[in-house]
>>> print(open('start.txt').read())   # compact mmCIF, C-alpha atoms and all ligand atoms
# COMPACT_ATOMS: atom_id res chain seq x y z
CA LEU A 126 75.36 40.18 -3.91
CA PRO A 127 72.56 37.74 -3.04
CA SER A 128 71.59 37.69 0.64
CA GLU A 129 73.04 34.19 1.15
CA PHE A 130 76.45 35.52 0.16
CA VAL A 131 76.09 38.69 2.21
CA GLN A 132 75.35 36.54 5.24
CA ALA A 133 78.45 34.44 4.62
CA LEU A 134 80.77 37.39 4.00
CA PRO A 135 82.08 37.61 7.58
CA VAL A 136 83.30 34.03 7.27
CA LEU A 137 85.34 34.82 4.16
CA GLU A 138 86.63 38.03 5.68
CA LYS A 139 87.75 36.20 8.77
CA ILE A 140 89.75 33.75 6.68
CA GLN A 141 91.30 36.66 4.78
CA ALA A 142 92.16 38.41 8.01
CA HIS A 143 94.27 35.37 8.86
CA GLY A 144 96.22 35.84 5.65
CA PHE A 145 94.51 33.26 3.42
CA GLU A 146 92.37 33.56 0.32
CA ALA A 147 88.70 32.69 0.35
CA TYR A 148 86.09 32.66 -2.41
CA PHE A 149 82.57 31.59 -3.15
CA VAL A 150 82.73 28.76 -5.69
CA GLY A 151 80.76 26.11 -7.50
CA GLY A 152 77.03 25.87 -8.05
CA SER A 153 76.11 28.77 -5.81
CA VAL A 154 78.03 31.28 -7.92
CA ARG A 155 76.52 29.82 -11.08
CA ASP A 156 73.02 29.99 -9.64
CA ALA A 157 73.53 33.53 -8.38
CA LEU A 158 74.64 34.65 -11.84
CA LEU A 159 71.59 32.96 -13.35
CA GLN A 160 69.39 34.53 -10.68
CA ARG A 161 68.24 31.12 -9.60
CA PRO A 162 67.67 30.10 -5.99
CA ILE A 163 70.87 29.17 -4.17
CA HIS A 164 70.85 26.06 -1.98
CA ASP A 165 74.27 25.76 -0.49
CA VAL A 166 76.99 28.33 -0.47
CA ASP A 167 80.31 26.62 -1.12
CA ILE A 168 83.48 28.32 0.02
CA ALA A 169 87.00 27.51 -1.15
CA THR A 170 90.15 28.65 0.59
CA SER A 171 93.92 28.52 0.37
CA ALA A 172 93.97 27.63 4.07
CA TYR A 173 94.66 23.96 4.78
CA PRO A 174 92.00 22.15 6.82
CA ALA A 175 93.98 22.43 10.06
CA GLU A 176 94.44 26.13 9.42
CA THR A 177 90.72 26.64 8.80
CA LYS A 178 89.97 24.80 12.03
CA ALA A 179 92.35 27.05 13.91
CA ILE A 180 90.52 30.14 12.67
CA PHE A 181 86.99 29.15 13.77
CA PRO A 182 85.95 28.08 17.26
CA HIS A 183 83.20 25.73 16.06
CA THR A 184 83.98 23.31 13.26
CA ILE A 185 83.08 19.76 12.30
CA ASP A 186 85.26 17.45 10.20
CA VAL A 187 82.78 16.43 7.53
CA GLY A 188 85.21 15.49 4.79
CA ILE A 189 88.62 16.26 6.11
CA ASP A 190 90.31 13.85 3.66
CA HIS A 191 88.87 15.89 0.83
CA GLY A 192 89.74 19.10 2.59
CA THR A 193 86.24 20.00 3.69
CA VAL A 194 85.57 21.49 7.09
CA LEU A 195 82.11 22.49 8.24
CA VAL A 196 82.16 25.84 10.00
CA LEU A 197 79.35 26.76 12.33
CA ALA A 198 79.01 30.48 12.15
CA GLY A 199 76.70 33.24 13.30
CA GLN A 200 74.04 33.11 15.98
CA SER A 201 71.89 30.31 14.68
CA GLU A 202 72.94 26.66 14.64
CA ALA A 203 71.53 26.52 11.14
CA GLU A 204 74.15 28.82 9.75
CA HIS A 205 77.02 26.66 8.63
CA TYR A 206 79.33 26.55 5.67
CA GLU A 207 81.38 23.91 3.94
CA ILE A 208 84.85 25.33 3.53
CA THR A 209 87.10 23.34 1.23
CA THR A 210 90.80 23.78 0.73
CA PHE A 211 91.90 24.46 -2.85
CA ARG A 212 92.78 21.08 -4.22
CA THR A 213 93.72 19.11 -7.28
CA GLU A 214 92.74 15.55 -8.02
CA SER A 215 95.48 13.48 -9.56
CA THR A 216 95.67 10.34 -11.68
CA TYR A 217 92.29 8.74 -12.04
CA THR A 218 93.35 5.21 -12.87
CA ASP A 219 89.90 3.70 -12.43
CA TYR A 220 87.87 6.32 -14.32
CA ARG A 221 85.91 7.29 -11.26
CA ARG A 222 87.59 8.62 -8.19
CA PRO A 223 90.78 10.55 -7.89
CA ASP A 224 93.57 8.38 -6.55
CA SER A 225 94.63 11.20 -4.34
CA VAL A 226 93.63 14.70 -3.42
CA ASP A 227 96.37 17.26 -3.13
CA PHE A 228 95.82 20.51 -1.31
CA VAL A 229 97.21 23.53 -3.10
CA ARG A 230 97.52 27.26 -2.45
CA GLU A 231 96.44 28.32 -5.95
CA LEU A 232 92.80 29.09 -6.74
CA SER A 233 93.39 28.43 -10.45
CA GLU A 234 94.48 24.85 -9.70
CA ASP A 235 91.23 24.27 -7.88
CA LEU A 236 89.05 25.74 -10.61
CA LYS A 237 90.80 23.64 -13.26
CA ARG A 238 89.61 20.37 -11.73
CA ARG A 239 85.94 21.37 -11.89
CA ASP A 240 83.62 19.80 -14.43
CA PHE A 241 81.98 22.52 -16.51
CA THR A 242 82.93 26.12 -17.19
CA ILE A 243 79.72 27.38 -15.57
CA ASN A 244 80.64 25.43 -12.43
CA ALA A 245 84.18 26.78 -12.34
CA PHE A 246 83.62 30.37 -11.28
CA ALA A 247 84.93 31.91 -8.12
CA MET A 248 83.57 35.09 -6.59
CA ASP A 249 85.57 37.23 -4.20
CA THR A 250 84.34 39.27 -1.26
CA GLU A 251 83.85 42.31 -3.52
CA GLY A 252 81.48 40.33 -5.74
CA GLU A 253 84.12 40.19 -8.51
CA ILE A 254 83.83 37.07 -10.69
CA ILE A 255 86.95 35.08 -11.49
CA ASP A 256 86.27 33.36 -14.79
CA LEU A 257 89.28 31.47 -16.10
CA PHE A 258 87.51 29.38 -18.72
CA ASP A 259 85.09 31.78 -20.39
CA GLY A 260 82.23 30.47 -18.33
CA LEU A 261 80.43 33.80 -18.53
CA SER A 262 80.05 33.56 -22.28
CA ASP A 263 78.85 29.96 -21.92
CA LEU A 264 76.39 31.13 -19.29
CA ALA A 265 75.12 33.86 -21.62
CA GLY A 266 74.83 31.33 -24.44
CA SER A 267 73.19 28.67 -22.24
CA ARG A 268 76.05 26.31 -23.06
CA LEU A 269 77.46 23.47 -21.03
CA ARG A 270 81.13 23.05 -21.83
CA ALA A 271 83.71 20.92 -20.10
CA VAL A 272 86.66 22.67 -18.51
CA GLY A 273 89.72 21.82 -20.64
CA ILE A 274 89.80 18.79 -22.92
CA ALA A 275 86.42 17.14 -22.68
CA THR A 276 87.44 13.55 -23.43
CA GLU A 277 90.11 13.73 -20.74
CA ARG A 278 87.65 15.13 -18.22
CA PHE A 279 85.19 12.29 -18.86
CA ASN A 280 88.05 9.82 -18.71
CA GLU A 281 88.87 11.11 -15.25
CA ASP A 282 85.31 10.84 -14.02
CA ALA A 283 82.54 9.47 -16.24
CA LEU A 284 79.88 10.61 -13.80
CA ARG A 285 80.39 14.02 -15.41
CA ILE A 286 78.56 12.61 -18.46
CA MET A 287 75.45 12.19 -16.34
CA ARG A 288 76.02 15.56 -14.69
CA ALA A 289 76.12 17.20 -18.11
CA MET A 290 72.65 15.98 -19.02
CA ARG A 291 71.39 16.72 -15.53
CA PHE A 292 72.54 20.35 -15.77
CA ALA A 293 71.11 20.60 -19.31
CA ALA A 294 67.76 19.59 -17.81
CA THR A 295 67.86 21.74 -14.68
CA LEU A 296 69.22 24.86 -16.39
CA ASN A 297 67.76 24.36 -19.89
CA PHE A 298 71.26 24.52 -21.36
CA ASN A 299 72.66 22.92 -24.50
CA VAL A 300 75.77 20.79 -24.48
CA GLU A 301 78.53 22.35 -26.56
CA GLU A 302 79.57 20.21 -29.52
CA GLU A 303 83.04 19.04 -28.45
CA THR A 304 81.72 18.24 -25.00
CA PHE A 305 78.84 16.29 -26.51
CA LYS A 306 81.12 14.30 -28.81
CA ALA A 307 83.27 13.43 -25.82
CA MET A 308 80.17 12.30 -23.92
CA GLN A 309 79.30 9.93 -26.76
CA ALA A 310 82.85 8.68 -27.03
CA ARG A 311 83.24 8.06 -23.30
CA ALA A 312 79.69 6.93 -22.42
CA HIS A 313 80.91 3.33 -22.06
CA LEU A 314 82.93 4.40 -19.02
CA LEU A 315 79.65 4.85 -17.14
CA SER A 316 79.76 1.13 -16.49
CA LYS A 317 82.65 1.88 -14.09
CA ILE A 318 80.62 4.36 -12.04
CA SER A 319 78.63 3.29 -9.01
CA ILE A 320 74.97 2.96 -9.86
CA GLU A 321 73.95 4.91 -6.76
CA ARG A 322 75.76 8.00 -8.01
CA ILE A 323 74.27 7.59 -11.49
CA PHE A 324 70.81 7.22 -10.00
CA ILE A 325 71.16 10.51 -8.13
CA GLU A 326 72.01 12.34 -11.34
CA LEU A 327 69.33 10.68 -13.49
CA ASP A 328 66.81 11.25 -10.75
CA LYS A 329 67.66 14.96 -10.59
CA LEU A 330 67.40 15.06 -14.38
CA LEU A 331 63.91 13.55 -14.32
CA LEU A 332 62.71 15.98 -11.67
CA ALA A 333 64.00 19.00 -13.56
CA LYS A 334 61.72 21.37 -15.41
CA ASP A 335 63.40 20.57 -18.72
CA TRP A 336 63.66 16.82 -18.18
CA LYS A 337 62.84 16.25 -21.84
CA LYS A 338 66.00 18.05 -22.82
CA GLY A 339 68.00 15.82 -20.47
CA LEU A 340 66.42 12.64 -21.85
CA GLU A 341 67.08 13.76 -25.44
CA ILE A 342 70.75 13.95 -24.54
CA LEU A 343 70.62 10.60 -22.76
CA LEU A 344 69.31 9.11 -26.02
CA ALA A 345 71.50 11.03 -28.43
CA SER A 346 74.69 10.25 -26.53
CA GLU A 347 73.61 6.60 -26.29
CA ALA A 348 74.67 6.76 -22.66
CA TYR A 349 71.43 4.94 -21.75
CA THR A 350 72.83 1.77 -23.34
CA PHE A 351 75.36 1.60 -20.50
CA LEU A 352 72.78 1.96 -17.74
CA PRO A 353 70.86 -1.01 -16.32
CA ASP A 354 67.81 -1.99 -18.37
CA LEU A 355 67.05 1.49 -19.66
CA GLN A 356 65.09 0.95 -22.86
CA GLU A 357 65.15 3.37 -25.75
CA LYS A 358 61.47 2.65 -26.25
CA ALA A 359 60.59 3.71 -22.70
CA ILE A 360 62.55 6.94 -22.94
CA GLN A 361 60.95 7.69 -26.32
CA ALA A 362 57.54 7.00 -24.85
CA LEU A 363 58.05 9.60 -22.13
CA LEU A 364 59.27 12.12 -24.68
CA GLN A 365 56.38 11.50 -27.03
CA ASN A 366 53.45 10.68 -24.77
CA LEU A 367 53.85 13.12 -21.94
CA GLU A 368 52.87 16.67 -22.70
CA THR A 369 55.58 19.29 -22.85
CA GLY A 370 55.48 21.39 -19.73
CA PHE A 371 54.57 18.47 -17.50
CA THR A 372 56.93 18.02 -14.58
CA PHE A 373 57.10 14.95 -12.38
CA ALA A 374 55.71 15.47 -8.89
CA ASN A 375 58.32 13.20 -7.30
CA SER A 376 60.94 10.64 -8.27
CA ALA A 377 58.69 7.65 -7.73
CA GLN A 378 56.27 9.04 -10.29
CA ALA A 379 59.07 9.63 -12.78
CA TRP A 380 60.56 6.15 -12.44
CA ALA A 381 57.09 4.61 -12.57
CA ALA A 382 56.45 6.45 -15.84
CA LEU A 383 59.64 5.01 -17.26
CA LEU A 384 58.71 1.55 -16.08
CA VAL A 385 55.14 1.40 -17.38
CA HIS A 386 56.56 2.03 -20.82
CA SER A 387 59.31 -0.58 -20.58
CA ASP A 388 58.73 -3.96 -22.21
CA HIS A 389 59.18 -7.25 -20.40
CA VAL A 390 60.71 -5.76 -17.33
CA ASN A 391 60.09 -6.83 -13.80
CA VAL A 392 59.74 -3.59 -11.85
CA LYS A 393 61.36 -4.88 -8.68
CA ASP A 394 64.28 -6.53 -10.47
CA PHE A 395 64.83 -3.37 -12.48
CA LEU A 396 64.93 -1.14 -9.41
CA LYS A 397 67.16 -3.57 -7.52
CA LYS A 398 69.75 -3.12 -10.24
CA TRP A 399 69.57 0.61 -9.53
CA LYS A 400 70.18 -0.14 -5.85
CA VAL A 401 67.41 2.06 -4.53
CA SER A 402 65.80 1.55 -1.12
CA ASN A 403 63.16 -1.09 -0.54
CA ASP A 404 60.64 1.60 0.37
CA PHE A 405 61.23 3.30 -2.93
CA ILE A 406 60.90 -0.01 -4.80
CA LYS A 407 57.59 -0.71 -3.11
CA TYR A 408 56.28 2.77 -3.81
CA VAL A 409 57.20 2.69 -7.51
CA TYR A 410 55.91 -0.86 -7.84
CA ASP A 411 52.53 0.20 -6.45
CA LEU A 412 52.36 3.12 -8.88
CA THR A 413 53.04 0.85 -11.85
CA GLU A 414 50.42 -1.65 -10.69
CA ALA A 415 47.84 1.07 -10.04
CA TYR A 416 48.61 2.62 -13.43
CA ARG A 417 47.34 -0.49 -15.17
CA LEU A 418 43.87 -0.20 -13.58
CA GLU A 419 41.12 1.16 -15.82
CA SER A 420 39.38 3.06 -13.05
CA TRP A 421 39.34 3.42 -9.27
CA SER A 422 37.18 1.52 -6.81
CA LEU A 423 36.81 1.46 -3.04
CA GLU A 424 39.18 -1.50 -2.91
CA SER A 425 41.90 -0.01 -5.11
CA ILE A 426 41.84 3.36 -3.36
CA TYR A 427 42.06 1.54 -0.03
CA ARG A 428 44.95 -0.53 -1.28
CA TYR A 429 47.04 2.21 -2.88
CA GLY A 430 45.86 5.26 -0.97
CA LEU A 431 44.84 8.65 -2.30
CA GLU A 432 48.39 9.97 -2.68
CA LYS A 433 49.46 7.26 -5.11
CA ALA A 434 46.13 7.38 -6.91
CA LEU A 435 46.56 11.08 -7.63
CA LEU A 436 50.13 10.54 -8.86
CA VAL A 437 48.81 7.90 -11.26
CA ASP A 438 45.97 10.14 -12.47
CA GLN A 439 48.42 12.99 -13.09
CA LEU A 440 50.55 10.73 -15.27
CA LYS A 441 47.57 9.57 -17.27
CA VAL A 442 46.33 13.12 -17.76
CA ALA A 443 49.80 14.17 -18.91
CA ALA A 444 49.68 11.30 -21.41
CA GLY A 445 46.39 12.61 -22.78
CA GLN A 446 44.21 9.84 -21.37
CA GLU A 447 40.62 10.48 -20.36
CA VAL A 448 40.63 10.54 -16.57
CA ASP A 449 37.86 11.41 -14.14
CA CYS A 450 40.00 13.29 -11.66
CA ASP A 451 37.28 13.38 -8.98
CA GLN A 452 36.95 9.61 -8.81
CA ALA A 453 39.91 9.00 -6.49
CA TYR A 454 38.67 11.66 -4.02
CA PHE A 455 35.13 10.28 -4.26
CA TYR A 456 36.11 6.79 -3.20
CA ASP A 457 38.62 8.01 -0.66
CA GLU A 458 35.89 9.98 1.11
CA LYS A 459 33.61 6.97 1.10
CA LEU A 460 36.19 4.75 2.79
CA GLN A 461 35.46 4.00 6.45
CA ILE A 462 39.02 2.89 7.08
CA HIS A 463 42.35 3.62 5.41
CA SER A 464 44.30 0.77 6.95
CA LYS A 465 43.74 -2.49 8.74
CA SER A 466 44.68 -0.90 12.06
CA GLU A 467 41.56 1.27 11.86
CA LEU A 468 39.26 -1.78 11.99
CA ALA A 469 37.03 -1.58 15.08
CA VAL A 470 37.89 -5.17 15.93
CA THR A 471 41.32 -6.76 16.33
CA GLY A 472 42.47 -10.33 15.99
CA ASN A 473 42.75 -10.50 19.75
CA ASP A 474 39.12 -9.42 20.17
CA ILE A 475 38.03 -12.27 17.95
CA ILE A 476 40.25 -14.80 19.70
CA GLN A 477 38.81 -13.84 23.10
CA THR A 478 35.17 -13.43 22.06
CA PHE A 479 34.83 -16.56 19.96
CA ASN A 480 37.49 -18.76 21.43
CA ILE A 481 39.24 -19.09 18.07
CA LYS A 482 42.92 -19.99 17.91
CA PRO A 483 45.36 -17.79 16.04
CA GLY A 484 46.00 -19.26 12.61
CA PRO A 485 44.79 -19.31 9.02
CA ILE A 486 41.10 -19.31 9.94
CA LEU A 487 41.49 -16.15 11.96
CA GLY A 488 43.48 -14.57 9.17
CA LYS A 489 40.81 -15.37 6.62
CA LEU A 490 38.12 -14.02 8.91
CA LEU A 491 39.94 -10.72 9.44
CA HIS A 492 40.54 -10.41 5.75
CA GLN A 493 36.84 -10.96 5.02
CA ILE A 494 35.82 -8.34 7.57
CA GLU A 495 38.30 -5.87 6.16
CA LYS A 496 36.90 -6.42 2.68
CA GLN A 497 33.30 -6.00 3.84
CA VAL A 498 34.17 -2.78 5.67
CA VAL A 499 36.16 -1.40 2.73
CA ASN A 500 33.23 -2.05 0.41
CA ASN A 501 30.83 -0.48 2.91
CA GLN A 502 28.88 -3.71 3.23
CA LEU A 503 29.60 -3.75 6.93
CA LYS A 504 29.81 -0.84 9.33
CA ASN A 505 33.16 -0.38 11.07
CA ASP A 506 31.56 -0.74 14.48
CA ARG A 507 32.71 -3.23 17.08
CA ASN A 508 29.26 -4.66 17.86
CA LYS A 509 28.19 -4.81 14.23
CA ILE A 510 31.36 -6.66 13.30
CA LEU A 511 31.05 -9.12 16.19
CA ILE A 512 27.44 -9.85 15.21
CA TYR A 513 28.57 -10.39 11.61
CA ILE A 514 31.25 -12.85 12.72
CA LYS A 515 28.78 -14.75 14.84
CA GLU A 516 26.51 -15.15 11.82
CA ILE A 517 29.15 -16.53 9.52
CA LEU A 518 30.99 -18.76 11.99
P1 LIG B 601 73.74 21.56 -7.31
O1 LIG B 601 72.92 22.73 -7.64
O2 LIG B 601 73.15 20.28 -7.74
O3 LIG B 601 74.27 21.51 -5.91
P2 LIG B 601 76.49 22.04 -7.94
O4 LIG B 601 77.13 22.62 -9.16
O5 LIG B 601 76.63 22.78 -6.66
O6 LIG B 601 74.99 21.77 -8.30
P3 LIG B 601 77.68 19.84 -6.57
O7 LIG B 601 77.59 18.39 -6.87
O8 LIG B 601 77.10 20.37 -5.31
O9 LIG B 601 77.06 20.59 -7.82
O10 LIG B 601 79.22 20.22 -6.64
C1 LIG B 601 79.73 21.50 -6.31
C2 LIG B 601 80.82 21.87 -7.31
O11 LIG B 601 81.87 20.92 -7.26
C3 LIG B 601 80.38 21.92 -8.76
O12 LIG B 601 79.79 23.14 -9.11
C4 LIG B 601 81.66 21.64 -9.48
O13 LIG B 601 82.45 22.79 -9.55
C5 LIG B 601 82.38 20.67 -8.56
N1 LIG B 601 82.07 19.25 -8.91
C6 LIG B 601 81.14 18.46 -8.35
N2 LIG B 601 81.16 17.22 -8.87
C7 LIG B 601 82.17 17.22 -9.75
C8 LIG B 601 82.73 16.23 -10.61
N3 LIG B 601 82.25 14.98 -10.66
N4 LIG B 601 83.79 16.59 -11.37
C9 LIG B 601 84.28 17.83 -11.33
N5 LIG B 601 83.80 18.81 -10.56
C10 LIG B 601 82.76 18.51 -9.77
MG MG B 602 75.92 22.11 -4.71
>>> encode(input="start.txt", output="structure tokens")
Amino acid sequence: LPSEFVQALPVLEKIQAHGFEAYFVGGSVRDALLQRPIHDVDIATSAYPAETKAIFPHTIDVGIDHGTVLVLAGQSEAEHYEITTFRTESTYTDYRRPDSVDFVRELSEDLKRRDFTINAFAMDTEGEIIDLFDGLSDLAGSRLRAVGIATERFNEDALRIMRAMRFAATLNFNVEEETFKAMQARAHLLSKISIERIFIELDKLLLAKDWKKGLEILLASEAYTFLPDLQEKAIQALLQNLETGFTFANSAQAWAALLVHSDHVNVKDFLKKWKVSNDFIKYVYDLTEAYRLESWSLESIYRYGLEKALLVDQLKVAAGQEVDCDQAYFYDEKLQIHSKSELAVTGNDIIQTFNIKPGPILGKLLHQIEKQVVNNQLKNDRNKILIYIKEIL
């Protein structure tokens, strides 16, 4: 039993002592069996939410409608577990969310509603695996297979199509044939799924070690044709140009890579369709702009910063381009300032010293000083800058 489970055992045992069933379920059991790091331990129980709350002194209602109660256990505040009542999800009339969640007392009912066989294990307090859908043989064969009839499962929730390719990429698994055919057949239903949820899955796919495997499936299933502005050409370019074994350092780098290989696409408009944050849009936009530069300079390193410059260099190296990897550091070290706020003189200084009014002239002056300092043609020293201004005024 992995230490995360051992630590959580008292919680399960306490539930059992009150006459209910409790199991480890979901991704944590899968990851434990694969000997991969576990992030969150999910617990499922036959106790209804109110019953779970009655058992533990410290609980938080995090998703009570879905049957999830957060239990604060142990000495440290950090130790907490999501405990979810066994449930079924009935009649998905809109292809995305269950119309209603019904709590049930049967573990098997709960496992049946889960997406893939390798995600549908339960583990009891003895470490015994409950495997109702032959998930262990799929795990051994590195196969991703839908629980039950695949087309029906994707009908219920088309996000599972994205999850399939995401798990293929994170686990280096292959999608079993029937499941794959169903993904192809139901890919059009992705247009019913909220773009935010699709982004999360595609983003996880891109950050995975075997992202190429995930993208191959995205292409082969033609699911990309139902996602905003994703071009076959761009996906192919990543598959072909970037060396195998390269992993993206962060999501911005991954999305920027996709975008620099997309034709006729406005980066900001593209990302707005994916409903990502404005900060993320700005960051990716900068990476795509910086990517187009032939080489670095004091001005471009000042503008984009070392972090973005290195992300761009990494991408170019992965694409087999000749890159002088010391250049970005070289210019960064030569910079006297890394932002306008580090200028030794402020707008207010200039207003007071030279009796200039705030306005376009002052703006132009500040800009000129900034440029001189960035290019090391002027020392970032208050007196030196004031003398310089006096000369040019
Ligand atoms: P991760 O490592 O990304 O957390 P996970 O398998 O734990 O992977 P979660 O999204 O945390 O994935 O979901 C926990 C469990 O809930 C899954 O293992 C699966 O059993 C079930 N599940 C999650 N999303 C769905 C879905 N859309 N359809 C069916 N079952 C789902
Ligand atoms: Mg999880």
>>> closest_atom_pairs(input="start.txt", of="chain A", to="ligand LIG 601 (chain B)", cutoff="10 Å", atoms="only C-alpha atoms and all ligand atoms", output="JSON lines")
{"residue": "A:Val150", "atom": "CA", "partner": "B:LIG601", "partner_atom": "O13", "distance": 7.1}
{"residue": "A:Gly151", "atom": "CA", "partner": "B:LIG601", "partner_atom": "O12", "distance": 3.5}
{"residue": "A:Gly152", "atom": "CA", "partner": "B:LIG601", "partner_atom": "O5", "distance": 3.4}
{"residue": "A:Ser153", "atom": "CA", "partner": "B:LIG601", "partner_atom": "O5", "distance": 6.1}
{"residue": "A:Val154", "atom": "CA", "partner": "B:LIG601", "partner_atom": "O12", "distance": 8.4}
{"residue": "A:Arg155", "atom": "CA", "partner": "B:LIG601", "partner_atom": "O4", "distance": 7.5}
{"residue": "A:Asp156", "atom": "CA", "partner": "B:LIG601", "partner_atom": "O1", "distance": 7.5}
{"residue": "A:Arg161", "atom": "CA", "partner": "B:LIG601", "partner_atom": "O1", "distance": 9.8}
{"residue": "A:Pro162", "atom": "CA", "partner": "B:LIG601", "partner_atom": "O1", "distance": 9.2}
{"residue": "A:Ile163", "atom": "CA", "partner": "B:LIG601", "partner_atom": "O1", "distance": 7.6}
{"residue": "A:His164", "atom": "CA", "partner": "B:LIG601", "partner_atom": "O1", "distance": 6.9}
{"residue": "A:Asp165", "atom": "CA", "partner": "B:LIG601", "partner_atom": "O3", "distance": 6.9}
{"residue": "A:Val166", "atom": "CA", "partner": "B:LIG601", "partner_atom": "O5", "distance": 8.3}
{"residue": "A:Asp167", "atom": "CA", "partner": "B:LIG601", "partner_atom": "C1", "distance": 7.3}
{"residue": "A:Glu214", "atom": "CA", "partner": "B:LIG601", "partner_atom": "C9", "distance": 9.4}
{"residue": "A:Arg221", "atom": "CA", "partner": "B:LIG601", "partner_atom": "N3", "distance": 8.5}
{"residue": "A:Arg222", "atom": "CA", "partner": "B:LIG601", "partner_atom": "N3", "distance": 8.7}
{"residue": "A:Pro223", "atom": "CA", "partner": "B:LIG601", "partner_atom": "N4", "distance": 9.9}
{"residue": "A:Asp235", "atom": "CA", "partner": "B:LIG601", "partner_atom": "O13", "distance": 9.1}
{"residue": "A:Leu236", "atom": "CA", "partner": "B:LIG601", "partner_atom": "O13", "distance": 7.3}
{"residue": "A:Lys237", "atom": "CA", "partner": "B:LIG601", "partner_atom": "N5", "distance": 8.9}
{"residue": "A:Arg238", "atom": "CA", "partner": "B:LIG601", "partner_atom": "C9", "distance": 5.9}
{"residue": "A:Arg239", "atom": "CA", "partner": "B:LIG601", "partner_atom": "N5", "distance": 3.6}
{"residue": "A:Asp240", "atom": "CA", "partner": "B:LIG601", "partner_atom": "C9", "distance": 3.7}
{"residue": "A:Phe241", "atom": "CA", "partner": "B:LIG601", "partner_atom": "O13", "distance": 7.0}
{"residue": "A:Thr242", "atom": "CA", "partner": "B:LIG601", "partner_atom": "O13", "distance": 8.3}
{"residue": "A:Ile243", "atom": "CA", "partner": "B:LIG601", "partner_atom": "O12", "distance": 7.7}
{"residue": "A:Asn244", "atom": "CA", "partner": "B:LIG601", "partner_atom": "O12", "distance": 4.1}
{"residue": "A:Ala245", "atom": "CA", "partner": "B:LIG601", "partner_atom": "O13", "distance": 5.2}
{"residue": "A:Phe246", "atom": "CA", "partner": "B:LIG601", "partner_atom": "O13", "distance": 7.9}
{"residue": "A:Ala247", "atom": "CA", "partner": "B:LIG601", "partner_atom": "O13", "distance": 9.6}
{"residue": "A:Ala271", "atom": "CA", "partner": "B:LIG601", "partner_atom": "C9", "distance": 9.3}
{"residue": "A:Val272", "atom": "CA", "partner": "B:LIG601", "partner_atom": "C9", "distance": 9.0}
{"residue": "A:Arg278", "atom": "CA", "partner": "B:LIG601", "partner_atom": "N4", "distance": 8.0}
{"residue": "A:Phe279", "atom": "CA", "partner": "B:LIG601", "partner_atom": "N4", "distance": 8.7}
{"residue": "A:Glu281", "atom": "CA", "partner": "B:LIG601", "partner_atom": "N4", "distance": 8.4}
{"residue": "A:Asp282", "atom": "CA", "partner": "B:LIG601", "partner_atom": "N3", "distance": 6.1}
{"residue": "A:Ala283", "atom": "CA", "partner": "B:LIG601", "partner_atom": "N3", "distance": 7.8}
{"residue": "A:Leu284", "atom": "CA", "partner": "B:LIG601", "partner_atom": "N3", "distance": 5.9}
{"residue": "A:Arg285", "atom": "CA", "partner": "B:LIG601", "partner_atom": "N3", "distance": 5.2}
{"residue": "A:Ile286", "atom": "CA", "partner": "B:LIG601", "partner_atom": "N3", "distance": 8.9}
{"residue": "A:Met287", "atom": "CA", "partner": "B:LIG601", "partner_atom": "N3", "distance": 9.3}
{"residue": "A:Arg288", "atom": "CA", "partner": "B:LIG601", "partner_atom": "N3", "distance": 7.4}
{"residue": "A:Ala289", "atom": "CA", "partner": "B:LIG601", "partner_atom": "N3", "distance": 9.9}
{"residue": "A:Arg291", "atom": "CA", "partner": "B:LIG601", "partner_atom": "O2", "distance": 8.7}
{"residue": "A:Phe292", "atom": "CA", "partner": "B:LIG601", "partner_atom": "O6", "distance": 8.0}
{"residue": "A:Thr295", "atom": "CA", "partner": "B:LIG601", "partner_atom": "O1", "distance": 8.7}
{"residue": "A:Leu296", "atom": "CA", "partner": "B:LIG601", "partner_atom": "O1", "distance": 9.7}
{"residue": "A:Arg322", "atom": "CA", "partner": "B:LIG601", "partner_atom": "N3", "distance": 9.9}
{"residue": "A:Ile325", "atom": "CA", "partner": "B:LIG601", "partner_atom": "O2", "distance": 10.0}
{"residue": "A:Glu326", "atom": "CA", "partner": "B:LIG601", "partner_atom": "O2", "distance": 8.8}
{"residue": "A:Lys329", "atom": "CA", "partner": "B:LIG601", "partner_atom": "O2", "distance": 8.2}
>>> closest_atom_pairs(input="start.txt", of="segment 402-438 of chain A", to="segment 450-470 of chain A", cutoff="9 Å", atoms="all atoms listed in the file", output="CSV")
residue,atom,partner,partner_atom,distance
A:Ser420,CA,A:Gln452,CA,8.2
A:Trp421,CA,A:Ala453,CA,6.3
A:Ser422,CA,A:Tyr456,CA,6.5
A:Leu423,CA,A:Tyr456,CA,5.4
A:Glu424,CA,A:Tyr456,CA,8.8
A:Ile426,CA,A:Asp457,CA,6.3
A:Tyr427,CA,A:His463,CA,5.8
A:Arg428,CA,A:His463,CA,8.3
A:Gly430,CA,A:His463,CA,7.5
A:Leu431,CA,A:Asp457,CA,6.5
A:Ala434,CA,A:Ala453,CA,6.4
A:Leu435,CA,A:Ala453,CA,7.1
A:Asp438,CA,A:Cys450,CA,6.8
>>> atom_distance(input="start.txt", atom1="atom CA of Thr213 of chain A", atom2="atom CA of Ala147 of chain A")
16.4 Å
>>> residues_around(input="start.txt", residues="segment 183-187 of chain A", least_positions_apart="2", cutoff="12 Å", atoms="all atoms listed in the file", output="list of chain:residue names")
A:Pro174, A:Ala175, A:Glu176, A:Thr177, A:Lys178, A:Ala179, A:Ile180, A:Phe181, A:Ile189, A:Asp190, A:His191, A:Gly192, A:Thr193, A:Val194, A:Leu195, A:Val196, A:Leu197, A:Ala198, A:Gly199, A:Gln200, A:Glu202, A:Glu204, A:His205, A:Tyr206, A:Glu207, A:Ile208, A:Thr209
